[in-house]
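Text of query_3.txt (compact mmCIF, C-alpha atoms) as supplied:
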# COMPACT_ATOMS: atom_id res chain seq x y z
CA ARG A 6 29.34 8.56 -32.49
CA TYR A 7 28.22 5.05 -33.45
CA ASN A 8 25.24 2.69 -33.02
CA MET A 9 25.49 -1.08 -33.32
CA ALA A 10 22.84 -3.74 -32.71
CA PHE A 11 22.80 -7.53 -32.45
CA LEU A 12 20.49 -10.27 -31.14
CA ARG A 13 21.07 -12.25 -27.95
CA VAL A 14 19.26 -15.43 -26.83
CA ARG A 15 19.17 -16.45 -23.18
CA GLU A 16 18.18 -20.07 -22.48
CA THR A 17 16.70 -21.13 -19.12
CA LYS A 18 14.72 -24.11 -17.88
CA SER A 19 11.50 -22.35 -18.86
CA GLY A 20 12.58 -21.62 -22.46
CA LYS A 21 14.53 -19.31 -24.77
CA TYR A 22 14.23 -15.52 -24.46
CA HIS A 23 15.28 -13.10 -27.24
CA TYR A 24 16.79 -9.64 -26.69
CA GLN A 25 18.02 -6.92 -29.02
CA VAL A 26 21.31 -5.45 -27.76
CA GLU A 27 22.18 -1.93 -28.90
CA ALA A 28 25.66 -0.49 -28.42
CA PHE A 29 26.05 3.29 -28.44
CA TRP A 30 28.45 6.09 -27.45
CA ASP A 31 27.52 7.92 -24.24
CA LYS A 32 28.38 11.58 -24.88
CA GLU A 33 28.17 12.55 -21.20
CA LYS A 34 30.32 9.76 -19.81
CA LYS A 35 32.43 9.61 -22.96
CA GLN A 36 32.43 5.84 -23.12
CA PRO A 37 30.67 3.05 -25.03
CA ARG A 38 27.52 1.64 -23.44
CA LYS A 39 24.77 -0.80 -24.33
CA LYS A 40 21.11 -1.44 -23.58
CA GLU A 41 18.93 -4.54 -23.97
CA ILE A 42 15.38 -4.58 -25.33
CA TYR A 43 13.30 -7.66 -24.57
CA LEU A 44 11.71 -9.03 -27.77
CA GLY A 45 9.81 -12.07 -26.45
CA LYS A 46 9.90 -15.80 -25.77
CA GLU A 47 10.64 -18.36 -28.49
CA ASN A 48 7.93 -20.90 -29.26
CA PRO A 49 9.65 -24.31 -28.83
CA THR A 50 7.52 -25.88 -31.57
CA THR A 51 7.60 -23.24 -34.33
CA GLY A 52 10.81 -21.44 -33.37
CA LYS A 53 9.03 -18.10 -33.71
CA VAL A 54 9.35 -15.33 -31.11
CA ALA A 55 6.07 -14.23 -29.53
CA PRO A 56 6.07 -10.40 -29.64
CA VAL A 57 5.83 -8.47 -26.38
CA ARG A 58 2.67 -6.42 -26.05
CA GLN A 59 3.75 -2.81 -25.69
CA LEU A 60 1.78 0.01 -24.10
CA SER A 61 0.41 2.59 -26.48
CA LEU A 62 2.85 5.47 -26.94
CA ASN A 63 -0.05 7.83 -26.28
CA MET A 64 -0.77 6.29 -22.87
CA SER A 65 0.65 8.19 -19.91
CA LEU A 66 1.87 6.26 -16.87
CA ASP A 67 -0.53 8.43 -14.83
CA GLN A 68 -3.37 6.65 -16.61
CA VAL A 69 -2.25 3.17 -15.53
CA ARG A 70 -3.98 2.60 -12.18
CA GLU A 71 -4.85 -0.36 -9.99
CA TYR A 72 -8.57 -1.02 -10.04
CA GLY A 73 -9.28 -4.22 -8.10
CA SER A 74 -9.10 -3.55 -4.35
CA VAL A 75 -10.97 -0.23 -4.51
CA ALA A 76 -13.64 -1.67 -6.81
CA VAL A 77 -14.30 -4.69 -4.56
CA CYS A 78 -14.49 -2.54 -1.40
CA ARG A 79 -16.72 0.01 -3.17
CA PHE A 80 -19.15 -2.74 -4.19
CA ILE A 81 -19.37 -4.03 -0.60
CA ALA A 82 -19.62 -0.53 0.90
CA GLU A 83 -22.44 0.46 -1.44
CA GLU A 84 -24.29 -2.83 -1.02
CA GLN A 85 -24.17 -2.57 2.80
CA GLY A 86 -25.15 1.10 2.80
CA ILE A 87 -21.80 2.30 4.16
CA LEU A 88 -20.99 4.77 1.38
CA PRO A 89 -24.50 6.31 1.20
CA SER A 90 -24.53 6.71 5.00
CA LEU A 91 -21.05 8.28 4.97
CA SER A 92 -22.11 10.71 2.26
CA VAL A 93 -25.18 11.84 4.20
CA ALA A 94 -23.17 12.41 7.40
CA PHE A 95 -19.90 13.88 6.07
CA GLY A 96 -20.61 15.04 2.50
CA GLU A 97 -19.45 13.44 -0.74
CA GLU A 98 -15.85 14.74 -0.81
CA LEU A 99 -14.91 13.82 2.76
CA SER A 100 -16.82 10.55 2.64
CA GLU A 101 -14.80 9.47 -0.43
CA LEU A 102 -11.55 10.21 1.38
CA ILE A 103 -12.69 8.30 4.49
CA PHE A 104 -13.62 5.38 2.24
CA LEU A 105 -10.21 5.41 0.51
CA LEU A 106 -8.40 5.54 3.86
CA ALA A 107 -10.37 2.47 4.96
CA VAL A 108 -9.57 0.60 1.72
CA PHE A 109 -5.87 1.45 2.12
CA LEU A 110 -5.77 0.09 5.68
CA ILE A 111 -7.68 -3.06 4.70
CA SER A 112 -5.75 -3.89 1.53
CA GLU A 113 -2.23 -2.68 2.39
CA MET A 114 -2.01 -2.79 6.21
CA MET A 115 0.69 -0.12 6.10
CA PRO A 116 1.26 3.17 7.98
CA LEU A 117 -0.89 6.08 6.80
CA SER A 118 2.26 7.92 5.73
CA TYR A 119 2.20 5.74 2.58
CA PHE A 120 -1.40 6.67 1.74
CA GLY A 121 -0.45 9.46 -0.71
CA LYS A 122 1.66 7.19 -2.90
CA TRP A 123 -0.94 4.45 -2.80
CA VAL A 124 -3.90 6.66 -3.72
CA ASP A 125 -1.91 8.04 -6.69
CA GLY A 126 -1.75 4.54 -8.11
CA VAL A 127 -5.37 3.40 -7.73
CA SER A 128 -8.55 4.21 -9.59
CA HIS A 129 -10.88 6.36 -7.47
CA LYS A 130 -13.60 9.00 -7.64
CA TYR A 131 -12.09 11.66 -5.38
CA THR A 132 -11.84 15.03 -7.16
CA GLY A 133 -11.02 17.33 -4.25
CA ASN A 134 -7.78 18.92 -3.05
CA LYS A 135 -4.79 16.55 -3.31
CA ASN A 136 -3.24 18.16 -0.22
CA ALA A 137 -5.69 16.00 1.73
CA TRP A 138 -3.39 13.06 0.84
CA ASN A 139 -0.31 14.30 2.67
CA SER A 140 0.41 13.71 6.37
CA THR A 141 -1.02 17.06 7.47
CA GLY A 142 -4.18 16.49 5.44
CA ILE A 143 -4.74 13.00 6.82
CA SER A 144 -4.20 14.24 10.39
CA GLY A 145 -6.83 16.89 9.76
CA ILE A 146 -9.32 14.32 8.48
CA LEU A 147 -8.80 12.04 11.49
CA HIS A 148 -9.06 15.02 13.85
CA LYS A 149 -12.32 16.10 12.23
CA ILE A 150 -13.83 12.61 12.39
CA GLY A 151 -12.72 12.24 16.02
CA TYR A 152 -14.33 15.47 17.23
CA GLU A 153 -17.55 15.51 15.20
CA CYS A 154 -19.45 13.08 17.42
CA GLU A 155 -22.88 14.06 16.07
CA LYS A 156 -21.88 13.26 12.49
CA ARG A 157 -20.47 9.91 13.56
CA LEU A 158 -23.75 9.10 15.32
CA ASP A 159 -25.70 10.25 12.25
CA PHE A 160 -23.64 7.86 10.14
CA LEU A 161 -24.17 4.94 12.55
CA GLU A 162 -27.90 5.65 12.92
CA LYS A 163 -28.36 5.69 9.15
CA LEU A 164 -26.32 2.50 8.75
CA VAL A 165 -28.23 0.66 11.47
CA ASP A 166 -31.54 1.79 9.95
CA LEU A 167 -30.52 0.42 6.53
CA ASN A 168 -29.59 -2.93 8.09
CA LYS A 169 -32.65 -3.34 10.32
CA GLY A 170 -33.79 -6.94 10.30
CA SER A 171 -30.30 -8.31 9.59
CA PHE A 172 -29.20 -8.53 13.25
CA THR A 173 -30.52 -10.14 16.40
CA THR A 174 -27.55 -9.97 18.75
CA ALA A 175 -25.07 -7.38 20.01
CA LEU A 176 -21.55 -8.52 20.89
CA ILE A 177 -19.94 -6.28 23.53
CA ASP A 178 -16.31 -6.60 24.53
CA ILE A 179 -13.46 -4.53 25.92
CA THR A 180 -9.71 -5.06 25.83
CA SER A 181 -6.71 -3.24 27.28
CA ILE A 182 -3.54 -2.14 25.49
CA SER A 183 -0.44 -1.42 27.58
CA THR A 184 1.63 1.58 26.51
CA TYR A 185 4.80 3.50 27.31
CA SER A 186 3.36 6.64 25.73
CA LYS A 187 2.72 9.74 27.84
CA LEU A 188 1.19 11.77 25.01
CA ASP A 189 -2.14 10.09 24.24
CA GLY A 190 -4.06 11.46 27.27
CA TRP A 191 -5.92 8.15 27.72
CA ALA A 192 -3.30 5.97 29.39
CA ALA A 193 -3.86 5.25 33.08
CA PHE A 194 -3.14 2.48 35.55
CA GLY A 195 -5.89 -0.08 36.00
CA HIS A 196 -6.45 -3.84 36.13
CA ASN A 197 -3.83 -5.13 33.68
CA ARG A 198 -4.83 -8.50 32.19
CA ASP A 199 -1.24 -9.23 31.13
CA GLY A 200 0.18 -8.51 34.56
CA GLU A 201 2.37 -5.69 33.21
CA SER A 202 3.30 -2.71 35.38
CA LEU A 203 2.34 -0.23 32.68
CA PRO A 204 -0.48 2.27 32.13
CA GLN A 205 -3.04 1.19 29.57
CA VAL A 206 -5.91 2.33 27.38
CA ASN A 207 -9.19 0.44 27.11
CA VAL A 208 -10.80 -0.21 23.73
CA GLN A 209 -14.49 -1.17 23.54
CA LEU A 210 -16.11 -2.86 20.54
CA ILE A 211 -19.81 -3.37 19.87
CA ALA A 212 -20.78 -5.42 16.82
CA LEU A 213 -24.17 -6.61 15.58
CA GLU A 214 -24.62 -10.20 14.47
CA PRO A 215 -25.18 -12.11 12.24
CA CYS A 216 -24.60 -9.26 9.75
CA GLY A 217 -21.23 -8.43 11.36
CA LEU A 218 -21.91 -4.68 11.56
CA PRO A 219 -19.63 -2.80 14.01
CA VAL A 220 -21.41 0.13 15.68
CA ALA A 221 -18.75 1.22 18.18
CA LEU A 222 -14.98 1.10 18.47
CA ARG A 223 -13.94 3.62 21.07
CA MET A 224 -11.22 4.30 23.61
CA THR A 225 -11.66 4.93 27.30
CA GLU A 226 -9.16 5.69 30.05
CA GLY A 227 -7.24 2.69 31.31
CA SER A 228 -8.45 3.14 34.88
CA ILE A 229 -12.13 2.75 33.93
CA SER A 230 -13.42 -0.74 34.68
CA ASP A 231 -15.30 -2.98 32.26
CA VAL A 232 -18.41 -2.60 34.40
CA SER A 233 -18.44 1.19 34.11
CA THR A 234 -18.41 1.09 30.31
CA LEU A 235 -21.53 -1.05 30.06
CA SER A 236 -24.04 1.71 30.82
CA ASN A 237 -22.56 3.83 28.02
CA ALA A 238 -22.80 0.88 25.64
CA ILE A 239 -26.48 0.45 26.51
CA LEU A 240 -27.15 4.18 25.99
CA LEU A 241 -25.43 4.05 22.59
CA LEU A 242 -27.51 1.07 21.47
CA LYS A 243 -30.69 2.86 22.58
CA SER A 244 -29.72 6.08 20.79
CA LEU A 245 -29.33 4.07 17.58
CA GLY A 246 -32.80 2.58 18.02
CA ILE A 247 -31.46 -0.87 18.95
CA GLU A 248 -33.67 -2.43 21.62
CA GLY A 249 -35.12 -5.82 22.48
CA ILE A 250 -32.15 -7.80 21.12
CA ASP A 251 -29.87 -10.39 22.71
CA SER A 252 -26.44 -9.39 23.94
CA VAL A 253 -23.30 -11.52 24.34
CA MET A 254 -20.38 -10.37 26.50
CA ASP A 255 -17.45 -11.83 28.40
CA ARG A 256 -17.19 -12.63 32.10
CA GLY A 257 -15.58 -9.27 32.89
CA PHE A 258 -19.07 -7.72 32.73
CA PHE A 259 -20.61 -10.25 35.13
CA SER A 260 -22.10 -8.57 38.21
CA LYS A 261 -25.49 -8.30 39.85
CA ASN A 262 -25.72 -4.57 39.09
CA ASN A 263 -24.84 -5.05 35.42
CA LEU A 264 -27.43 -7.77 35.00
CA GLN A 265 -30.06 -5.58 36.61
CA GLU A 266 -29.15 -2.67 34.33
CA LEU A 267 -29.40 -4.88 31.25
CA SER A 268 -32.74 -6.22 32.43
CA ASN A 269 -34.10 -2.71 33.00
CA ALA A 270 -33.01 -1.78 29.46
CA GLY A 271 -34.91 -4.76 28.04
CA ILE A 272 -31.72 -6.43 26.80
CA LYS A 273 -31.35 -10.20 27.02
CA VAL A 274 -27.82 -11.35 27.71
CA THR A 275 -25.66 -14.46 27.44
CA ILE A 276 -22.63 -14.19 29.69
CA PRO A 277 -20.12 -16.61 31.29
CA VAL A 278 -20.02 -16.81 35.06
CA PRO A 279 -16.44 -16.40 36.40
CA SER A 280 -14.98 -19.60 37.86
CA ASN A 281 -14.19 -17.88 41.16
CA ASN A 282 -17.83 -16.81 41.62
CA LEU A 283 -19.81 -18.52 44.37
CA ILE A 284 -22.66 -19.28 41.96
CA PHE A 285 -20.28 -21.20 39.70
CA GLN A 286 -18.77 -23.15 42.60
CA LYS A 287 -22.21 -23.89 44.03
CA ALA A 288 -23.40 -25.21 40.66
CA ILE A 289 -20.47 -27.63 40.37
CA LYS A 290 -21.15 -28.89 43.90
CA LEU A 291 -24.92 -29.32 43.46
CA LYS A 292 -25.05 -30.37 39.78
CA GLY A 293 -21.79 -32.33 39.45
CA LYS A 294 -23.40 -35.75 39.87
CA GLU A 295 -26.35 -34.96 37.59
CA LEU A 296 -23.96 -33.50 34.98
CA ARG A 297 -22.21 -36.84 34.57
CA HIS A 298 -25.44 -38.78 34.01
CA ALA A 299 -25.64 -40.61 30.67
CA LYS A 300 -28.77 -38.70 29.64
CA ASN A 301 -26.85 -35.41 29.85
CA THR A 302 -23.91 -36.58 27.73
CA PHE A 303 -23.42 -36.02 23.99
CA SER A 304 -20.67 -35.69 21.39
CA ASP A 305 -20.03 -32.78 19.07
CA GLY A 306 -17.99 -34.99 16.74
CA LYS A 307 -14.66 -34.18 18.39
CA SER A 308 -15.28 -33.94 22.12
CA LEU A 309 -17.37 -35.56 24.85
CA ILE A 310 -19.71 -32.90 26.28
CA ARG A 311 -21.87 -32.98 29.40
CA HIS A 312 -24.62 -30.41 29.98
CA VAL A 313 -27.35 -29.54 32.45
CA ALA A 314 -29.74 -26.57 32.43
CA PHE A 315 -31.34 -25.16 35.58
CA GLU A 316 -32.75 -22.00 37.13
CA ASN A 317 -31.32 -19.99 40.02
CA ASP A 318 -32.44 -16.87 41.88
CA ASP A 319 -29.29 -16.14 43.94
CA LEU A 320 -28.91 -12.83 42.06
CA GLY A 321 -32.33 -11.58 43.22
CA LYS A 322 -34.12 -12.69 40.07
CA ASN A 323 -34.81 -16.00 38.39
CA TYR A 324 -32.18 -16.67 35.71
CA HIS A 325 -31.63 -19.59 33.32
CA PHE A 326 -28.22 -21.25 33.68
CA HIS A 327 -26.35 -23.77 31.53
CA LEU A 328 -23.43 -25.78 32.88
CA TYR A 329 -21.12 -27.45 30.32
CA LEU A 330 -18.23 -29.83 30.88
CA ASN A 331 -15.99 -30.71 27.93
CA GLU A 332 -14.16 -33.81 29.17
CA THR A 333 -11.82 -33.92 26.17
CA ARG A 334 -10.86 -30.32 26.83
CA GLN A 335 -10.53 -31.02 30.56
CA ILE A 336 -7.87 -33.70 29.94
CA GLU A 337 -5.93 -31.41 27.59
CA GLU A 338 -6.12 -28.43 29.98
CA ASN A 339 -4.86 -30.52 32.89
CA LYS A 340 -2.07 -31.94 30.73
CA GLN A 341 -0.84 -28.46 29.71
CA PHE A 342 -1.20 -27.25 33.30
CA TYR A 343 1.02 -30.00 34.71
CA LEU A 344 3.56 -29.61 31.90
CA GLN A 345 4.09 -26.03 33.06
CA LEU A 346 4.68 -27.16 36.64
CA GLU A 347 7.02 -29.96 35.54
CA LYS A 348 9.24 -27.53 33.62
CA VAL A 349 9.84 -25.60 36.84
CA GLU A 350 10.52 -28.79 38.81
CA ILE A 351 13.03 -30.04 36.22
CA GLU A 352 14.73 -26.64 36.04
CA PHE A 353 15.11 -26.53 39.84
CA LYS A 354 16.40 -30.10 39.95
CA ASN A 355 19.05 -29.47 37.28
CA LYS A 356 20.13 -26.10 38.66
CA PRO A 357 18.90 -25.59 42.24
CA PRO A 358 18.60 -21.95 43.38
CA THR A 359 20.78 -21.05 46.35
CA SER A 360 18.32 -18.64 47.99
CA LYS A 361 14.59 -18.25 48.44
CA ALA A 362 14.62 -14.91 46.62
CA GLU A 363 16.31 -16.51 43.61
CA ALA A 364 13.78 -19.37 43.64
CA VAL A 365 10.79 -16.99 43.66
CA THR A 366 12.31 -14.85 40.88
CA ARG A 367 12.85 -17.89 38.66
CA ILE A 368 9.30 -19.15 39.22
CA LYS A 369 7.96 -15.72 38.24
CA LYS A 370 9.89 -15.89 34.97
CA MET A 371 8.72 -19.42 34.14
CA LEU A 372 5.06 -19.36 35.18
CA PRO A 373 2.10 -17.06 34.55
CA LYS A 374 0.98 -15.18 37.65
CA THR A 375 -2.15 -17.36 37.90
CA ARG A 376 -0.04 -20.54 38.10
CA MET A 377 2.43 -19.48 40.80
CA GLN A 378 -0.05 -20.16 43.60
CA PHE A 379 0.18 -23.92 43.02
CA LEU A 380 3.85 -24.22 44.01
CA LYS A 381 5.69 -23.34 47.19
CA VAL A 382 9.46 -23.08 47.70
CA ILE A 383 11.05 -25.19 50.43
CA PRO A 384 14.66 -25.46 51.70
CA ALA A 385 16.60 -28.64 50.84
CA VAL A 386 19.06 -30.44 53.10
CA ASP A 387 22.06 -29.26 51.06
CA GLY A 388 21.14 -25.57 51.52
CA THR A 389 19.53 -25.11 48.10
CA TRP A 390 15.82 -24.53 47.43
CA GLN A 391 13.25 -26.72 45.70
CA VAL A 392 9.56 -26.49 44.81
CA GLU A 393 6.69 -28.51 46.22
CA ARG A 394 3.19 -28.85 44.78
CA LYS A 395 0.19 -27.61 46.78
CA ALA A 396 -1.98 -30.71 46.54
CA ASN A 397 -5.30 -29.23 47.75
CA ALA A 398 -5.05 -26.17 45.49
CA LEU A 399 -4.25 -28.40 42.51
CA ALA A 400 -7.22 -30.66 43.23
CA ARG A 401 -9.55 -27.65 43.28
CA GLU A 402 -8.08 -26.33 40.03
CA GLU A 403 -8.51 -29.70 38.28
CA LYS A 404 -12.21 -29.68 39.13
CA LYS A 405 -12.68 -26.31 37.42
CA SER A 406 -10.94 -27.21 34.15
CA GLY A 407 -12.97 -28.17 31.08
CA TYR A 408 -16.04 -26.16 32.05
CA LYS A 409 -17.54 -23.61 29.71
CA HIS A 410 -18.17 -21.27 32.59
CA TYR A 411 -21.84 -21.64 32.50
CA ARG A 412 -23.87 -19.07 30.73
CA LYS A 413 -27.05 -17.41 31.74
CA ILE A 414 -29.75 -15.81 29.69
CA ILE A 415 -32.02 -13.11 31.09

Entire entry expressed as structure tokens:
Amino acid sequence: RYNMAFLRVRETKSGKYHYQVEAFWDKEKKQPRKKEIYLGKENPTTGKVAPVRQLSLNMSLDQVREYGSVAVCRFIAEEQGILPSLSVAFGEELSELIFLLAVFLISEMMPLSYFGKWVDGVSHKYTGNKNAWNSTGISGILHKIGYECEKRLDFLEKLVDLNKGSFTTALIDITSISTYSKLDGWAAFGHNRDGESLPQVNVQLIALEPCGLPVALRMTEGSISDVSTLSNAILLLKSLGIEGIDSVMDRGFFSKNNLQELSNAGIKVTIPVPSNNLIFQKAIKLKGKELRHAKNTFSDGKSLIRHVAFENDDLGKNYHFHLYLNETRQIEENKQFYLQLEKVEIEFKNKPPTSKAEAVTRIKKMLPKTRMQFLKVIPAVDGTWQVERKANALAREEKKSGYKHYRKII
């Protein structure tokens, strides 16, 4: 029934901002209302208001899309041969969707249920069915990728071929993920690194360096040991035409049989020797004095390092070994170790447990499983329980700290 307009200026620390306020009669609610239109910021020198740049009236909001993250990832994927290899293996339409799913996970790190909204707001080249963006469509894509092993291998083989000459080393590792789920079909009880009484799934990763190209990320049942997965990793590398390169893996793969299998496959390996292995303990005993000689000591700028190299045939073949001692790290490791023990001792002194069962339970809560062996519970005169350090076990543990569990190269 009426329209009125006036200007309003809001002043803040950053300047003066001008608005046009329009008053009008709302026919539906039958009451006066008003709306504000932002006009711009006042120039403090000239007093003029800088006009706000408005979108063209002809421009639809559907045409305003984010360009950056997809464009950057597309450049990298094309330069590294990822997109061409995907297209050859899965076809152009599916490969574009797989690429967009990867960009979404990299840039947003959100659940896939948000993919549809995200892809609507970015600039892309996908021209297929938009139903592929909903939850059912995404599940279908993941199911297809998961079951079409040959196409995945075709993709990896093409990608490795395009990057030949850019890698010299394969990094092989496996980790375990504990789970309460009973629906995945992979969870099983096995050696749990975290000491949890839960089933787990194992995830294996193989990456090529220095180009940083991952060639395997796969799940195995939680009951399968690290050792058992190695032969499959070697077969995969061979099937992709990767031979005669160095391999780096963690101490979980260390065994005489594994080393022999790697040697037979023509793969050189760098691997730590576990500290509880007799070879490691023998090396410390035989090379300890030589290790501390001045000629075997150097600094890396932050730490004092001692190193000796030698050969050993205890595994049925002559291998090259390197024994490192980081004395700076050794002091820090021992300090942290004793701090853990002292927390238990102080806790028991301030609030002594009244039974052996209570004492053991409290130690379990305060110490990692690997540290519990260095304390024993003993009865006190007043009927409570205290802890006592196991001197010999602690002395042996101190000797092992600071060592880069020496590595061997076939």

### Message
Neighbouring residues of Arg401 in chain A were defined as those with any atom within 12 Å, considering only C-alpha atoms; residues of the same chain fewer than 6 positions away were excluded. Please report them as a ChimeraX atom specification.
### Response
/A:280-281,286,289-290,339,379,395

CA of Ala76 in chain A sits from CA of Thr141 in chain A at a separation of 26.7 Å

Atom pair CA of Leu222 in chain A + CA of Leu176 in chain A, distance 11.9 Å

Who sits within 9 Å of Glu316 in chain A, all atoms listed in the file, same chain under 2 positions skipped, as a VMD selection string
chain A and resid 314 318 323 to 327

Written file, previous selection with C-alpha atoms, as a PDB file, keeping the file's coordinate frame:
ATOM      1  CA  ALA A 314     -29.740 -26.570  32.430  1.00  0.00           C
ATOM      2  CA  ASP A 318     -32.440 -16.870  41.880  1.00  0.00           C
ATOM      3  CA  ASN A 323     -34.810 -16.000  38.390  1.00  0.00           C
ATOM      4  CA  TYR A 324     -32.180 -16.670  35.710  1.00  0.00           C
ATOM      5  CA  HIS A 325     -31.630 -19.590  33.320  1.00  0.00           C
ATOM      6  CA  PHE A 326     -28.220 -21.250  33.680  1.00  0.00           C
ATOM      7  CA  HIS A 327     -26.350 -23.770  31.530  1.00  0.00           C
TER       8      HIS A 327
END

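Relative to CA of Lys292 in chain A, CA of Lys261 in chain A is found at 22.1 Å.
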
From the list A:Thr17, A:Asn301, A:Lys156, A:Val313, the nearest residue to Gly96 in chain A using only C-alpha atoms is A:Lys156
